[in-house]
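Colleague: My structure file query_7.cif, mmCIF, C-alpha atoms, is below:
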data_start
#
loop_
_atom_site.group_PDB
_atom_site.id
_atom_site.type_symbol
_atom_site.label_atom_id
_atom_site.label_comp_id
_atom_site.auth_asym_id
_atom_site.auth_seq_id
_atom_site.Cartn_x
_atom_site.Cartn_y
_atom_site.Cartn_z
ATOM 1 C CA GLN A 23 -87.803 112.248 -52.595
ATOM 2 C CA GLN A 24 -87.282 111.930 -56.199
ATOM 3 C CA SER A 25 -89.418 113.633 -58.687
ATOM 4 C CA SER A 26 -91.199 111.634 -61.248
ATOM 5 C CA SER A 27 -88.754 112.652 -63.940
ATOM 6 C CA GLU A 28 -85.913 111.554 -61.771
ATOM 7 C CA GLN A 29 -87.666 108.304 -61.084
ATOM 8 C CA ILE A 30 -88.204 107.704 -64.776
ATOM 9 C CA GLU A 31 -84.619 108.549 -65.497
ATOM 10 C CA SER A 32 -83.509 106.259 -62.738
ATOM 11 C CA ARG A 33 -85.608 103.486 -64.135
ATOM 12 C CA MET A 34 -84.174 104.104 -67.547
ATOM 13 C CA ASN A 35 -80.713 103.833 -66.165
ATOM 14 C CA PHE A 36 -81.633 100.494 -64.565
ATOM 15 C CA ALA A 37 -83.203 99.380 -67.821
ATOM 16 C CA ASP A 38 -80.102 100.428 -69.716
ATOM 17 C CA VAL A 39 -77.988 98.557 -67.193
ATOM 18 C CA ASP A 40 -80.261 95.547 -67.530
ATOM 19 C CA ARG A 41 -80.116 95.732 -71.326
ATOM 20 C CA ALA A 42 -76.406 96.167 -71.208
ATOM 21 C CA ALA A 43 -76.136 93.262 -68.779
ATOM 22 C CA ILE A 44 -78.054 90.914 -71.047
ATOM 23 C CA PRO A 45 -75.433 90.837 -73.767
ATOM 24 C CA ILE A 46 -72.723 90.492 -71.155
ATOM 25 C CA ASN A 47 -74.638 87.659 -69.509
ATOM 26 C CA ARG A 48 -75.235 86.077 -72.915
ATOM 27 C CA GLN A 49 -71.564 86.494 -73.761
ATOM 28 C CA THR A 50 -70.609 85.120 -70.376
ATOM 29 C CA GLN A 51 -73.048 82.275 -70.851
ATOM 30 C CA THR A 52 -71.689 81.570 -74.350
ATOM 31 C CA GLU A 53 -68.155 81.677 -73.025
ATOM 32 C CA ALA A 54 -69.162 79.429 -70.151
ATOM 33 C CA ASP A 55 -70.875 77.063 -72.599
ATOM 34 C CA ALA A 56 -67.762 77.091 -74.775
ATOM 35 C CA ILE A 57 -65.571 76.425 -71.745
ATOM 36 C CA ASN A 58 -67.940 73.638 -70.610
ATOM 37 C CA HIS A 59 -67.953 72.219 -74.115
ATOM 38 C CA GLU A 60 -64.132 72.411 -74.230
ATOM 39 C CA ASN A 61 -63.927 70.824 -70.761
ATOM 40 C CA ASP A 62 -66.322 68.086 -71.872
ATOM 41 C CA HIS A 63 -64.229 67.583 -74.991
ATOM 42 C CA ARG A 64 -61.040 67.473 -72.905
ATOM 43 C CA SER A 65 -62.695 65.032 -70.486
ATOM 44 C CA LYS A 66 -63.703 62.816 -73.399
ATOM 45 C CA LEU A 67 -60.159 62.999 -74.804
ATOM 46 C CA ILE A 68 -58.747 62.160 -71.388
ATOM 47 C CA GLU A 69 -61.164 59.223 -71.089
ATOM 48 C CA GLU A 70 -60.276 58.063 -74.603
ATOM 49 C CA LYS A 71 -56.574 58.356 -73.771
ATOM 50 C CA LYS A 72 -57.181 56.439 -70.533
ATOM 51 C CA GLU A 73 -58.951 53.711 -72.548
ATOM 52 C CA ILE A 74 -56.115 53.642 -75.082
ATOM 53 C CA LEU A 75 -53.626 53.517 -72.209
ATOM 54 C CA LYS A 76 -55.551 50.638 -70.594
ATOM 55 C CA LEU A 77 -55.588 48.786 -73.936
ATOM 56 C CA LYS A 78 -51.888 49.422 -74.403
ATOM 57 C CA GLU A 79 -51.199 48.262 -70.839
ATOM 58 C CA ALA A 80 -53.255 45.120 -71.439
ATOM 59 C CA ASP A 81 -51.426 44.528 -74.726
ATOM 60 C CA LEU A 82 -48.106 45.150 -73.011
ATOM 61 C CA ALA A 83 -49.059 42.757 -70.189
ATOM 62 C CA SER A 84 -50.054 40.168 -72.785
ATOM 63 C CA LYS A 85 -46.786 40.648 -74.647
ATOM 64 C CA GLU A 86 -44.880 40.480 -71.366
ATOM 65 C CA LYS A 87 -46.664 37.224 -70.535
ATOM 66 C CA LEU A 88 -45.801 35.856 -73.989
ATOM 67 C CA LEU A 89 -42.217 36.995 -73.547
ATOM 68 C CA MET A 90 -42.012 35.301 -70.153
ATOM 69 C CA GLU A 91 -43.513 32.147 -71.648
ATOM 70 C CA SER A 92 -41.023 32.388 -74.505
ATOM 71 C CA LEU A 93 -38.180 32.856 -72.049
ATOM 72 C CA SER A 94 -39.509 29.952 -70.029
ATOM 73 C CA THR A 95 -39.743 27.899 -73.224
ATOM 74 C CA LEU A 96 -36.262 29.040 -74.224
ATOM 75 C CA GLU A 97 -34.904 28.103 -70.806
ATOM 76 C CA MET A 98 -36.624 24.721 -71.065
ATOM 77 C CA LYS A 99 -35.185 24.214 -74.548
ATOM 78 C CA GLN A 100 -31.760 25.206 -73.227
ATOM 79 C CA LEU A 101 -32.080 22.719 -70.343
ATOM 80 C CA GLU A 102 -33.280 20.020 -72.734
ATOM 81 C CA TRP A 103 -30.343 20.771 -75.029
ATOM 82 C CA GLU A 104 -27.876 20.638 -72.128
ATOM 83 C CA GLN A 105 -29.307 17.283 -71.022
ATOM 84 C CA TRP A 106 -29.166 15.994 -74.621
ATOM 85 C CA ARG A 107 -25.564 17.240 -74.980
ATOM 86 C CA ARG A 108 -24.520 15.569 -71.700
ATOM 87 C CA GLN A 109 -26.212 12.311 -72.759
ATOM 88 C CA GLU A 110 -24.530 12.484 -76.156
ATOM 89 C CA GLU A 111 -21.187 13.102 -74.447
ATOM 90 C CA ILE A 112 -21.783 10.087 -72.169
ATOM 91 C CA ASN A 113 -22.759 7.983 -75.205
ATOM 92 C CA TRP A 114 -19.669 9.196 -77.075
ATOM 93 C CA HIS A 115 -17.374 8.270 -74.148
ATOM 94 C CA GLU A 116 -19.077 4.880 -73.880
ATOM 95 C CA LYS A 117 -18.607 4.208 -77.602
ATOM 96 C CA LEU A 118 -15.002 5.373 -77.323
ATOM 97 C CA ARG A 119 -14.394 2.940 -74.427
ATOM 98 C CA GLU A 120 -16.017 0.160 -76.471
ATOM 99 C CA LYS A 121 -13.805 0.981 -79.466
ATOM 100 C CA GLU A 122 -10.718 1.098 -77.237
ATOM 101 C CA ALA A 123 -11.667 -2.267 -75.695
ATOM 102 C CA ALA A 124 -12.261 -3.762 -79.158
ATOM 103 C CA THR A 125 -8.925 -2.359 -80.370
ATOM 104 C CA ARG A 126 -7.116 -3.738 -77.283
ATOM 105 C CA LYS A 127 -8.760 -7.133 -77.792
ATOM 106 C CA SER A 128 -7.778 -7.140 -81.469
ATOM 107 C CA ILE A 129 -4.194 -6.179 -80.603
ATOM 108 C CA GLU A 130 -4.043 -8.859 -77.901
ATOM 109 C CA GLU A 131 -5.409 -11.474 -80.330
ATOM 110 C CA ASN A 132 -2.858 -10.439 -82.942
ATOM 111 C CA MET A 133 -0.080 -10.543 -80.343
ATOM 112 C CA CYS A 134 -1.209 -14.010 -79.209
ATOM 113 C CA LYS A 135 -1.209 -15.170 -82.827
ATOM 114 C CA VAL A 136 2.247 -13.688 -83.425
ATOM 115 C CA GLU A 137 3.501 -15.200 -80.167
ATOM 116 C CA LYS A 138 2.113 -18.636 -81.103
ATOM 117 C CA GLU A 139 3.743 -18.365 -84.538
ATOM 118 C CA ARG A 140 7.023 -17.329 -82.881
ATOM 119 C CA LEU A 141 6.820 -20.246 -80.442
ATOM 120 C CA ALA A 142 5.970 -22.656 -83.275
ATOM 121 C CA SER A 143 8.901 -21.321 -85.278
ATOM 122 C CA LEU A 144 11.170 -21.591 -82.254
ATOM 123 C CA GLU A 145 10.031 -25.158 -81.593
ATOM 124 C CA LYS A 146 10.527 -26.050 -85.258
ATOM 125 C CA SER A 147 13.975 -24.491 -85.166
ATOM 126 C CA HIS A 148 14.776 -26.382 -81.972
ATOM 127 C CA MET A 149 13.604 -29.685 -83.495
ATOM 128 C CA GLU A 150 15.628 -28.955 -86.622
ATOM 129 C CA TYR A 151 18.625 -28.156 -84.429
ATOM 130 C CA GLU A 152 18.212 -31.452 -82.560
ATOM 131 C CA LYS A 153 17.922 -33.356 -85.871
ATOM 132 C CA LEU A 154 21.030 -31.647 -87.185
ATOM 133 C CA GLU A 155 22.824 -32.312 -83.931
ATOM 134 C CA ALA A 156 21.800 -35.997 -84.072
ATOM 135 C CA ARG A 157 22.975 -36.217 -87.718
ATOM 136 C CA LEU A 158 26.179 -34.511 -86.738
ATOM 137 C CA GLN A 159 26.689 -36.937 -83.854
ATOM 138 C CA LYS A 160 25.953 -39.844 -86.175
ATOM 139 C CA SER A 161 28.297 -38.465 -88.815
ATOM 140 C CA LEU A 162 30.951 -37.862 -86.195
ATOM 141 C CA LEU A 163 30.561 -41.408 -84.940
ATOM 142 C CA GLU A 164 30.808 -42.751 -88.489
ATOM 143 C CA VAL A 165 33.923 -40.677 -89.107
ATOM 144 C CA GLU A 166 35.481 -41.881 -85.848
ATOM 145 C CA THR A 167 34.551 -45.462 -86.701
ATOM 146 C CA LYS A 168 35.989 -45.104 -90.196
ATOM 147 C CA GLU A 169 39.087 -43.444 -88.767
ATOM 148 C CA ARG A 170 39.620 -46.338 -86.330
ATOM 149 C CA HIS A 171 38.965 -48.821 -89.037
ATOM 150 C CA LEU A 172 41.485 -47.053 -91.260
ATOM 151 C CA LYS A 173 44.033 -46.979 -88.449
ATOM 152 C CA ASP A 174 43.433 -50.679 -87.903
ATOM 153 C CA VAL A 175 43.771 -51.405 -91.592
ATOM 154 C CA GLU A 176 46.871 -49.277 -91.791
ATOM 155 C CA ALA A 177 48.278 -50.952 -88.721
ATOM 156 C CA ASN A 178 47.550 -54.350 -90.309
ATOM 157 C CA HIS A 179 49.293 -53.279 -93.507
ATOM 158 C CA GLN A 180 52.312 -52.096 -91.740
ATOM 159 C CA ASN A 181 52.750 -55.312 -89.983
#
Take the structure in the file and give it back as structure tokens.
Modeller:
Amino acid sequence: QQSSSEQIESRMNFADVDRAAIPINRQTQTEADAINHENDHRSKLIEEKKEILKLKEADLASKEKLLMESLSTLEMKQLEWEQWRRQEEINWHEKLREKEAATRKSIEENMCKVEKERLASLEKSHMEYEKLEARLQKSLLEVETKERHLKDVEANHQN
């Protein structure tokens, strides 16, 4: 058994240990509070970053949707342009065919006119030729008649 002085000393040692433990526990508690506070702060930062990330993802999704709509609109505009270009090309070919037909018709009309003028000139020349031939025949007949008459007159004079 312990004597009373030993017991007192033993109690003092426990009290010293308890007193010494209090600052350690307070320090440990303060450190734990600081760690908890830091963890809370980190958790809040993580949550804020998650929120920012969600907002950025939503913004990115919105921009992606707009981009897809723009691409869709661009593709539609491209299709519309291609259809317009094809229609314009068809219209151009049609107008070209119309111009070619009008040019052919004009050329044919001019050729018909020239051909009619050529035929009229040929007919006029032919009629003039026939008139000249008739005059020539008449003149030839007159000359032959005069020649016979002169031969007759000459023959009458010689007799």
Colleague: Using Å and a single decimal, report how far atom CA of Met90 of chain A sits from atom CA of Lys72 of chain A.
Modeller: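 Between atom CA of Lys72 of chain A and atom CA of Met90 of chain A the gap works out to 26.0 Å.
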Colleague: What's the separation between atom CA of Leu101 of chain A and atom CA of Arg119 of chain A, in Å to one decimal place?
Modeller: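 Atom CA of Arg119 of chain A lies at a distance of 26.8 Å from atom CA of Leu101 of chain A.
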Colleague: Using Å and a single decimal, report how far atom CA of Lys135 of chain A sits from atom CA of Glu116 of chain A.
Modeller: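 Computing the Euclidean distance for atom CA of Glu116 of chain A and atom CA of Lys135 of chain A yields 28.3 Å.
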Colleague: For segment 97-113 of chain A, I'd like the enclosing box, axis-aligned and padded by 5 Å on every side, reported as lines of an AutoDock Vina configuration file with centre and edge lengths in Å to one decimal.
Modeller:
center_x = -28.9
center_y = 18.0
center_z = -73.2
size_x = 25.4
size_y = 30.1
size_z = 15.8
